[in-house]
file run.csv (CSV, C-alpha atoms)
chain,number,residue,atom,x,y,z
F,130,MET,CA,67.0,84.9,143.8
F,131,VAL,CA,70.6,86.1,143.9
F,132,PRO,CA,71.3,88.5,146.8
F,133,GLU,CA,72.1,92.2,145.8
F,134,GLY,CA,75.7,92.9,145.4
F,135,ARG,CA,76.4,89.5,143.8
F,136,ALA,CA,75.8,90.6,140.2
F,137,GLY,CA,79.5,91.4,139.6
F,138,ARG,CA,80.6,88.1,141.0
F,139,LEU,CA,78.0,86.2,138.9
F,140,SER,CA,79.0,87.9,135.7
F,141,ALA,CA,82.5,86.7,136.1
F,142,ALA,CA,81.7,83.3,137.5
F,143,SER,CA,81.2,81.7,134.1
F,144,GLY,CA,84.8,82.4,133.3
F,145,ARG,CA,84.0,84.5,130.3
F,146,GLN,CA,86.1,87.5,131.1
F,147,PRO,CA,85.5,90.8,129.2
F,148,THR,CA,87.9,91.3,126.4
F,149,GLU,CA,88.4,95.0,127.0
F,150,GLY,CA,91.6,95.6,129.1
F,151,ARG,CA,92.7,92.0,128.9
F,152,ALA,CA,96.4,91.6,129.4
F,153,PRO,CA,98.6,89.9,126.8
F,154,ARG,CA,100.5,86.7,127.5
F,155,PRO,CA,103.6,86.5,129.7
F,156,GLU,CA,107.0,86.7,128.1
F,157,GLY,CA,108.4,83.4,126.9
F,158,ARG,CA,108.1,81.2,123.8
F,159,GLY,CA,107.4,84.3,121.7
F,160,ALA,CA,104.5,85.5,123.7
F,161,ARG,CA,103.8,89.2,124.2
F,162,PRO,CA,104.9,90.9,127.4
F,163,ARG,CA,102.1,91.1,130.0
F,164,ARG,CA,100.9,94.4,131.4
F,165,ARG,CA,102.3,94.9,134.9
F,166,GLY,CA,99.7,94.1,137.6
F,167,ALA,CA,97.4,92.0,135.4
F,168,GLN,CA,96.2,88.5,136.5
F,169,PRO,CA,97.5,85.4,134.8
F,170,LYS,CA,95.1,83.4,132.7
F,171,VAL,CA,95.4,79.9,134.1
F,172,VAL,CA,94.0,76.6,132.9
F,173,ALA,CA,94.1,73.6,135.2
F,174,LEU,CA,93.7,70.0,133.9
F,175,GLY,CA,92.9,66.9,135.9
F,176,GLY,CA,90.1,65.3,137.8
F,177,GLY,CA,88.9,64.2,141.2
F,178,MET,CA,90.4,65.4,144.4
F,179,GLY,CA,93.7,66.3,142.9
F,180,LEU,CA,92.2,68.8,140.5
F,181,SER,CA,90.0,70.1,143.4
F,182,ALA,CA,93.2,70.8,145.5
F,183,SER,CA,94.8,72.7,142.6
F,184,LEU,CA,91.7,74.8,141.9
F,185,ALA,CA,91.3,75.6,145.6
F,186,ALA,CA,94.8,77.0,145.5
F,187,LEU,CA,94.7,78.7,142.1
F,188,ARG,CA,91.4,80.6,142.8
F,189,ARG,CA,93.3,82.4,145.6
F,190,ILE,CA,95.8,84.0,143.2
F,191,THR,CA,93.9,84.6,139.9
F,192,GLY,CA,90.4,85.5,138.8
F,193,ASP,CA,90.9,84.2,135.3
F,194,LEU,CA,90.8,80.4,135.9
F,195,THR,CA,89.5,77.5,133.8
F,196,ALA,CA,89.3,73.9,134.8
F,197,VAL,CA,89.4,71.2,132.1
F,198,VAL,CA,88.1,68.0,133.6
F,199,THR,CA,88.4,64.3,132.6
F,200,VAL,CA,85.1,62.5,131.8
F,201,ALA,CA,86.0,58.8,132.1
F,202,ASP,CA,84.6,58.2,135.5
F,203,ASP,CA,82.3,55.1,135.6
F,204,GLY,CA,81.9,54.5,139.3
F,205,GLY,CA,79.4,55.6,142.0
F,206,SER,CA,76.7,58.1,141.3
F,207,SER,CA,78.4,59.3,138.1
F,208,GLY,CA,78.6,55.8,136.8
F,209,ARG,CA,74.9,55.1,137.5
F,210,LEU,CA,73.8,58.3,135.8
F,211,ARG,CA,76.1,57.6,132.9
F,212,ASP,CA,74.7,54.1,132.5
F,213,GLU,CA,71.0,55.1,132.9
F,214,LEU,CA,70.9,58.3,130.9
F,215,GLY,CA,73.9,58.1,128.6
F,216,VAL,CA,75.3,61.4,129.9
F,217,LEU,CA,78.8,62.5,130.7
F,218,PRO,CA,79.8,61.5,134.2
F,219,PRO,CA,79.2,64.6,136.2
F,220,GLY,CA,81.1,63.8,139.4
F,221,ASP,CA,84.5,65.3,138.7
F,222,LEU,CA,82.9,68.3,137.1
F,223,ARG,CA,80.9,68.8,140.3
F,224,LYS,CA,84.0,68.5,142.5
F,225,ALA,CA,85.7,71.1,140.4
F,226,LEU,CA,82.8,73.5,140.8
F,227,ALA,CA,82.8,73.0,144.5
F,228,ALA,CA,86.5,73.7,144.7
F,229,LEU,CA,85.9,77.0,142.9
F,230,CYS,CA,83.3,78.2,145.5
F,231,GLY,CA,84.4,81.1,147.6
F,232,ASP,CA,85.1,81.1,151.3
F,233,ASP,CA,82.1,83.3,152.1
F,234,ASP,CA,78.8,82.0,153.4
F,235,TRP,CA,77.3,81.8,149.9
F,236,GLY,CA,80.2,79.9,148.5
F,237,GLN,CA,80.6,77.4,151.3
F,238,THR,CA,76.8,76.8,151.6
F,239,TRP,CA,76.5,75.9,147.9
F,240,ALA,CA,79.7,73.8,148.0
F,241,ARG,CA,78.2,71.7,150.8
F,242,VAL,CA,74.8,71.5,148.9
F,243,ILE,CA,76.2,70.2,145.6
F,244,GLN,CA,78.5,67.8,147.5
F,245,HIS,CA,75.6,66.5,149.6
F,246,ARG,CA,74.8,62.8,149.1
F,247,PHE,CA,71.5,61.2,149.8
F,248,THR,CA,71.3,58.3,152.2
F,249,SER,CA,68.3,56.0,151.7
F,250,GLN,CA,67.2,52.5,151.0
F,251,GLY,CA,66.1,53.5,147.5
F,252,ASP,CA,67.3,54.6,144.1
F,253,LEU,CA,68.5,58.0,145.4
F,254,HIS,CA,71.0,56.4,147.8
F,255,ASP,CA,74.5,57.9,147.3
F,256,HIS,CA,73.6,60.3,144.5
F,257,ALA,CA,75.2,63.7,144.9
F,258,VAL,CA,72.9,66.7,144.6
F,259,GLY,CA,75.3,68.4,142.3
F,260,ASN,CA,75.3,65.5,139.9
F,261,LEU,CA,71.6,65.6,139.6
F,262,LEU,CA,71.6,69.4,139.1
F,263,ILE,CA,74.2,69.2,136.4
F,264,VAL,CA,72.5,66.4,134.5
F,265,ALA,CA,69.1,68.2,134.8
F,266,LEU,CA,70.6,71.3,133.2
F,267,TRP,CA,72.2,69.2,130.4
F,268,GLU,CA,68.8,67.8,129.6
F,269,GLN,CA,67.1,71.2,129.8
F,270,LEU,CA,69.7,73.1,127.8
F,271,GLY,CA,71.2,70.5,125.5
F,272,ASP,CA,74.6,72.1,125.9
F,273,HIS,CA,77.3,70.8,128.3
F,274,VAL,CA,79.2,74.1,128.4
F,275,GLN,CA,76.2,76.4,128.8
F,276,ALA,CA,74.9,74.2,131.6
F,277,LEU,CA,78.1,74.2,133.6
F,278,ASP,CA,78.5,77.9,133.1
F,279,LEU,CA,75.0,78.3,134.6
F,280,VAL,CA,75.8,76.2,137.6
F,281,GLY,CA,79.0,78.2,138.1
F,282,LYS,CA,76.9,81.4,138.1
F,283,LEU,CA,74.6,80.0,140.7
F,284,LEU,CA,77.5,79.0,143.0
F,285,GLY,CA,79.4,82.2,142.4
F,286,ALA,CA,82.3,80.0,141.3
F,287,HIS,CA,85.7,81.7,140.9
F,288,GLY,CA,86.4,80.3,137.5
F,289,ARG,CA,85.0,78.2,134.7
F,290,VAL,CA,84.6,74.4,134.5
F,291,LEU,CA,84.7,72.5,131.2
F,292,PRO,CA,84.7,68.8,130.3
F,293,MET,CA,87.7,67.8,128.2
F,294,SER,CA,85.5,65.9,125.8
F,295,ALA,CA,81.7,66.0,125.0
F,296,VAL,CA,81.4,62.3,124.8
F,297,PRO,CA,81.6,59.8,127.7
F,298,LEU,CA,85.0,58.0,127.6
F,299,GLU,CA,86.0,54.6,128.7
F,300,LEU,CA,89.5,54.2,130.3
F,301,GLN,CA,91.3,51.0,129.5
F,302,ALA,CA,94.7,49.9,130.8
F,303,LEU,CA,97.3,47.3,130.2
F,304,VAL,CA,98.0,45.9,133.7
F,305,LYS,CA,100.6,43.3,134.7
F,306,GLY,CA,99.4,41.1,137.5
F,307,HIS,CA,95.9,42.4,137.7
F,308,ASP,CA,95.0,38.8,138.7
F,309,PRO,CA,97.2,38.0,141.7
F,310,GLU,CA,97.1,34.3,140.7
F,311,ARG,CA,98.7,35.3,137.4
F,312,PRO,CA,101.3,37.8,138.4
F,313,ASP,CA,103.3,37.8,135.1
F,314,ASP,CA,100.3,38.1,132.8
F,315,VAL,CA,99.3,41.4,131.2
F,316,ASP,CA,95.5,42.0,131.0
F,317,THR,CA,93.3,44.7,129.6
F,318,VAL,CA,91.4,46.3,132.4
F,319,ARG,CA,88.4,48.4,131.6
F,320,GLY,CA,86.9,51.3,133.5
F,321,GLN,CA,88.4,54.1,135.5
F,322,ALA,CA,87.1,52.7,138.8
F,323,THR,CA,88.7,49.3,138.2
F,324,VAL,CA,92.0,50.8,136.9
F,325,ALA,CA,92.3,53.0,140.0
F,326,LEU,CA,92.0,50.0,142.3
F,327,THR,CA,94.0,47.4,140.4
F,328,PRO,CA,96.4,45.4,142.6
F,329,GLY,CA,98.7,45.0,139.5
F,330,GLU,CA,101.2,47.3,137.7
F,331,VAL,CA,99.6,49.7,135.2
F,332,GLN,CA,101.8,49.8,132.2
F,333,SER,CA,99.8,52.1,129.9
F,334,VAL,CA,96.3,53.5,129.4
F,335,HIS,CA,94.2,54.5,126.5
F,336,LEU,CA,90.7,55.8,125.8
F,337,VAL,CA,87.7,54.4,124.0
F,338,PRO,CA,87.0,55.9,121.6
F,339,ASN,CA,90.7,56.4,120.9
F,340,ASP,CA,90.4,59.8,119.2
F,341,PRO,CA,87.6,61.5,121.1
F,342,PRO,CA,86.7,65.1,120.2
F,343,ALA,CA,87.8,67.8,122.6
F,344,VAL,CA,85.4,70.4,123.7
F,345,PRO,CA,86.3,73.5,121.6
F,346,GLU,CA,86.2,75.8,124.6
F,347,ALA,CA,88.7,73.7,126.4
F,348,VAL,CA,91.1,73.8,123.4
F,349,ALA,CA,90.7,77.6,123.1
F,350,ALA,CA,91.3,78.1,126.8
F,351,VAL,CA,94.6,76.1,126.6
F,352,LEU,CA,95.8,78.1,123.5
F,353,ASP,CA,94.8,81.4,125.2
F,354,ALA,CA,96.4,80.7,128.6
F,355,ASP,CA,99.4,82.2,130.2
F,356,TRP,CA,99.9,79.1,132.4
F,357,VAL,CA,98.6,75.5,132.1
F,358,VAL,CA,98.7,73.4,135.3
F,359,LEU,CA,98.6,69.6,134.9
F,360,GLY,CA,98.1,67.5,138.0
F,361,PRO,CA,98.1,66.6,140.8
F,362,GLY,CA,95.7,63.6,140.8
F,363,SER,CA,95.3,60.0,140.0
F,364,TRP,CA,98.1,59.6,137.5
F,365,PHE,CA,96.7,57.1,135.0
F,366,SER,CA,93.0,57.9,135.5
F,367,SER,CA,92.9,61.7,135.9
F,368,VAL,CA,96.1,63.2,134.7
F,369,ILE,CA,97.3,61.2,131.7
F,370,PRO,CA,93.8,61.0,130.0
F,371,HIS,CA,94.1,64.7,129.0
F,372,LEU,CA,97.1,63.7,126.9
F,373,LEU,CA,95.1,61.0,125.1
F,374,VAL,CA,92.6,63.5,123.5
F,375,PRO,CA,94.4,64.4,120.2
F,376,GLU,CA,93.1,68.0,119.9
F,377,LEU,CA,93.8,68.7,123.6
F,378,LEU,CA,97.3,67.3,123.3
F,379,ASP,CA,97.9,69.4,120.2
F,380,ALA,CA,96.8,72.5,122.1
F,381,LEU,CA,99.1,71.6,125.0
F,382,THR,CA,102.0,71.2,122.5
F,383,GLU,CA,101.3,74.4,120.5
F,384,THR,CA,100.3,76.8,123.3
F,385,LYS,CA,102.6,79.7,124.1
F,386,ALA,CA,101.6,79.2,127.8
F,387,ARG,CA,104.0,78.1,130.4
F,388,ARG,CA,103.3,74.6,131.6
F,389,VAL,CA,103.5,73.3,135.2
F,390,LEU,CA,103.3,69.7,136.2
F,391,SER,CA,102.2,69.3,139.9
F,392,LEU,CA,103.3,66.0,141.3
F,393,ASN,CA,101.4,64.0,143.9
F,394,LEU,CA,102.4,63.9,147.6
F,395,ALA,CA,102.6,60.1,147.7
F,396,PRO,CA,102.0,57.1,145.4
F,397,GLN,CA,98.4,56.0,145.1
F,398,PRO,CA,97.6,52.5,146.4
F,399,GLY,CA,97.0,50.3,143.4
F,400,GLU,CA,97.4,52.7,140.5
F,401,THR,CA,100.9,54.0,141.2
F,402,GLU,CA,102.0,51.8,144.1
F,403,GLY,CA,105.8,52.1,144.6
F,404,PHE,CA,106.2,55.0,142.1
F,405,SER,CA,109.0,57.4,142.7
F,406,PRO,CA,108.5,61.1,141.7
F,407,GLN,CA,110.7,60.5,138.6
F,408,ARG,CA,108.7,57.5,137.6
F,409,HIS,CA,105.6,59.6,137.4
F,410,LEU,CA,107.4,61.7,134.8
F,411,GLU,CA,108.7,58.7,132.9
F,412,VAL,CA,105.2,57.2,132.4
F,413,LEU,CA,103.9,60.7,131.5
F,414,GLY,CA,106.6,60.9,128.8
F,415,ARG,CA,105.7,57.5,127.4
F,416,HIS,CA,102.1,58.6,126.8
F,417,ALA,CA,103.0,62.0,125.4
F,418,PRO,CA,106.6,62.0,124.0
F,419,LYS,CA,106.4,65.4,122.5
F,420,LEU,CA,105.0,67.2,125.6
F,421,ALA,CA,107.2,69.9,126.9
F,422,LEU,CA,107.1,71.3,130.4
F,423,ASP,CA,108.5,74.4,132.1
F,424,VAL,CA,108.2,73.6,135.8
F,425,VAL,CA,107.8,70.4,137.8
F,426,LEU,CA,106.4,71.2,141.3
F,427,ALA,CA,106.8,68.7,144.1
F,428,ASP,CA,106.6,68.7,147.9
F,429,GLU,CA,110.1,68.9,149.3
F,430,ALA,CA,109.4,66.1,151.8
F,431,ALA,CA,108.2,63.8,149.0
F,432,VAL,CA,111.4,63.9,146.9
F,433,PRO,CA,114.1,61.6,148.3
F,434,ASP,CA,116.6,62.5,145.5
F,435,ARG,CA,116.3,65.9,144.0
F,436,GLU,CA,119.1,65.3,141.5
F,437,VAL,CA,117.4,62.2,140.0
F,438,LEU,CA,114.1,64.2,139.7
F,439,THR,CA,116.0,67.1,138.1
F,440,GLU,CA,117.4,64.8,135.4
F,441,ALA,CA,114.0,63.4,134.7
F,442,ALA,CA,112.5,66.9,134.4
F,443,LYS,CA,115.2,68.0,132.0
F,444,ARG,CA,113.9,65.5,129.5
F,445,PHE,CA,110.8,67.7,129.3
F,446,GLY,CA,112.8,70.9,129.3
F,447,ALA,CA,111.6,71.7,132.8
F,448,ALA,CA,113.1,73.1,136.0
F,449,VAL,CA,112.2,71.5,139.4
F,450,GLU,CA,110.6,73.6,142.1
F,451,LEU,CA,110.4,72.1,145.6
F,452,ALA,CA,108.1,73.7,148.2
F,453,PRO,CA,106.2,72.6,151.3
F,454,VAL,CA,102.7,72.1,149.9
F,455,ALA,CA,101.3,69.3,152.1
F,456,ARG,CA,98.9,69.7,155.0
F,457,ARG,CA,100.7,69.7,158.4
F,458,ASP,CA,98.5,67.0,159.8
F,459,GLY,CA,100.6,64.3,158.0
F,460,THR,CA,98.0,63.2,155.6
F,461,PRO,CA,98.9,63.1,151.8
F,462,ARG,CA,96.7,66.1,151.0
F,463,HIS,CA,97.7,69.5,149.6
F,464,ASP,CA,97.2,72.6,151.8
F,465,PRO,CA,95.4,75.2,149.6
F,466,GLU,CA,97.3,78.1,151.1
F,467,LEU,CA,100.7,76.5,150.8
F,468,LEU,CA,100.0,75.3,147.3
F,469,ALA,CA,98.7,78.8,146.3
F,470,ALA,CA,102.0,80.3,147.6
F,471,ALA,CA,104.0,77.8,145.5
F,472,TYR,CA,102.0,78.5,142.4
F,473,ASP,CA,102.2,82.2,142.9
F,474,ARG,CA,106.0,82.0,143.4
F,475,ILE,CA,106.3,80.0,140.2
F,476,PHE,CA,104.2,82.4,138.2
F,477,ARG,CA,106.4,85.3,139.4
F,478,MET,CA,109.7,83.6,138.9
F,479,HIS,CA,109.2,81.8,135.5
F,480,GLY,CA,108.2,83.8,132.5
F,481,ARG,CA,107.6,87.4,133.6
F,482,ILE,CA,108.9,90.3,135.7
F,483,GLY,CA,107.0,91.9,138.5
F,484,PRO,CA,104.0,90.9,140.6
F,485,TRP,CA,100.7,89.6,139.2
F,486,ARG,CA,98.8,91.8,141.6
call {"tool": "encode", "arguments": {"input": "run.csv", "output": "structure tokens"}}
result
Amino acid sequence: MVPEGRAGRLSAASGRQPTEGRAPRPEGRGARPRRRGAQPKVVALGGGMGLSASLAALRRITGDLTAVVTVADDGGSSGRLRDELGVLPPGDLRKALAALCGDDDWGQTWARVIQHRFTSQGDLHDHAVGNLLIVALWEQLGDHVQALDLVGKLLGAHGRVLPMSAVPLELQALVKGHDPERPDDVDTVRGQATVALTPGEVQSVHLVPNDPPAVPEAVAAVLDADWVVLGPGSWFSSVIPHLLVPELLDALTETKARRVLSLNLAPQPGETEGFSPQRHLEVLGRHAPKLALDVVLADEAAVPDREVLTEAAKRFGAAVELAPVARRDGTPRHDPELLAAAYDRIFRMHGRIGPWR
């Protein structure tokens, strides 16, 4: 039973905001001017811990937040459930829901519960509670979106979580030197978990099927957004896959929303080993040549040459914003408060006049 006083939070947790009193879009790209003081409608795209970091920041500055999550994971608990039951991999969806939980006792308790993994000598070993809950609701309701909305209500999530596609996807990559004994050969590597850990150089990625249908609610959210945030996260396995879903890419191209690309704090061992900030942009552009951006956000300490990054960003039509967004303990992880401050400043400076709140 939900405690008294939580009804208002639960009604908003699904992300379905009331239409009455909704603010129009921010200025820019022909959009209508937004009512002063209204919250921005933000859509964040990605997967894994990168998306979780972005959501933990964004929920601090807007109550109108939607996460669109990649569904190509094939490892761990998600991979086992996918293989056994033929369902979407629930792991990245679970992580996004946990990141949207509030900082109160209710939110933090449920965040820990759905992230809890069983430890045993049997079949339940390493399964996450949230994965099992999500899959159970999918089977009960027969509707991916309705089930995720219901989990969000239970958690009191500060936003909505949607899969980018309603079919499980396989990530495939062309990798040079995947076999260390054949460093010059280019092989096709299959599976997100394998691509993420390859010792070779990832040259490109694609999805199987190669034209997967997008979830209609995800497309609608992108088209209706004021801001779309792409990244941070595993570049080839969590960020770029959104650009490989034709309907979603069309929405990203056509939307009147402003678009922010949030870069990683450091190259990822295996997947983007040795990548400079500008090389992240270059490979993104190769996969989606028509994609335009408005802002590229990077940690100031992770950019050795701002001028080179600025030139790379100009090819997308974007400005570069540098800000301290890393945790102060030296680990390559985003600090949610600092990242929230960076997003808030970008939302204020680019595309509108006056504060959101």
call {"tool": "atom_distance", "arguments": {"input": "run.csv", "atom1": "CA of Ala322 in chain F", "atom2": "CA of Pro375 in chain F"}}
result
23.2 Å
call {"tool": "residues_around", "arguments": {"input": "run.csv", "residues": "range 344-350 of chain F", "least_positions_apart": "5", "cutoff": "7 Å", "atoms": "all atoms listed in the file", "output": "VMD selection string"}}
result
chain F and resid 172 197 291 to 295 377 380
call {"tool": "atom_distance", "arguments": {"input": "run.csv", "atom1": "CA of Gln244 in chain F", "atom2": "CA of Asn260 in chain F"}}
result
8.6 Å
call {"tool": "closest_residue", "arguments": {"input": "run.csv", "among": "F:Leu300, F:Val424, F:Leu467, F:Ala417", "to": "Gly204 in chain F", "atoms": "all atoms listed in the file"}}
result
F:Leu300
call {"tool": "closest_residue", "arguments": {"input": "run.csv", "among": "F:Asp203, F:Asp464, F:Glu429, F:Glu440", "to": "Leu298 in chain F", "atoms": "only C-alpha atoms"}}
result
F:Asp203
call {"tool": "closest_residue", "arguments": {"input": "run.csv", "among": "F:Pro396, F:Leu426, F:Leu438, F:His273", "to": "Arg474 in chain F", "atoms": "only C-alpha atoms"}}
result
F:Leu426
call {"tool": "closest_residue", "arguments": {"input": "run.csv", "among": "F:Leu378, F:Ala182, F:Ala286, F:Leu253", "to": "Val454 in chain F", "atoms": "all atoms listed in the file"}}
result
F:Ala182
call {"tool": "residues_around", "arguments": {"input": "run.csv", "residues": "Leu326 in chain F", "least_positions_apart": "5", "cutoff": "12 Å", "atoms": "only C-alpha atoms", "output": "PDB file with C-alpha atoms, in the coordinates of the input"}}
result
ATOM      1  CA  GLY F 204      81.900  54.500 139.300  1.00  0.00           C
ATOM      2  CA  ALA F 302      94.700  49.900 130.800  1.00  0.00           C
ATOM      3  CA  VAL F 304      98.000  45.900 133.700  1.00  0.00           C
ATOM      4  CA  HIS F 307      95.900  42.400 137.700  1.00  0.00           C
ATOM      5  CA  VAL F 318      91.400  46.300 132.400  1.00  0.00           C
ATOM      6  CA  ARG F 319      88.400  48.400 131.600  1.00  0.00           C
ATOM      7  CA  GLY F 320      86.900  51.300 133.500  1.00  0.00           C
ATOM      8  CA  GLN F 321      88.400  54.100 135.500  1.00  0.00           C
ATOM      9  CA  VAL F 331      99.600  49.700 135.200  1.00  0.00           C
ATOM     10  CA  SER F 363      95.300  60.000 140.000  1.00  0.00           C
ATOM     11  CA  PHE F 365      96.700  57.100 135.000  1.00  0.00           C
ATOM     12  CA  SER F 366      93.000  57.900 135.500  1.00  0.00           C
ATOM     13  CA  GLN F 397      98.400  56.000 145.100  1.00  0.00           C
ATOM     14  CA  PRO F 398      97.600  52.500 146.400  1.00  0.00           C
ATOM     15  CA  GLY F 399      97.000  50.300 143.400  1.00  0.00           C
ATOM     16  CA  GLU F 400      97.400  52.700 140.500  1.00  0.00           C
ATOM     17  CA  THR F 401     100.900  54.000 141.200  1.00  0.00           C
ATOM     18  CA  GLU F 402     102.000  51.800 144.100  1.00  0.00           C
TER      19      GLU F 402
END
call {"tool": "residues_near_point", "arguments": {"input": "run.csv", "point": "(94.3, 59.9, 127.1)", "cutoff": "8 Å", "atoms": "all atoms listed in the file", "output": "VMD selection string"}}
result
chain F and resid 334 to 336 339 369 to 374 416
call {"tool": "atom_distance", "arguments": {"input": "run.csv", "atom1": "CA of Val358 in chain F", "atom2": "CA of Glu330 in chain F"}}
result
26.3 Å
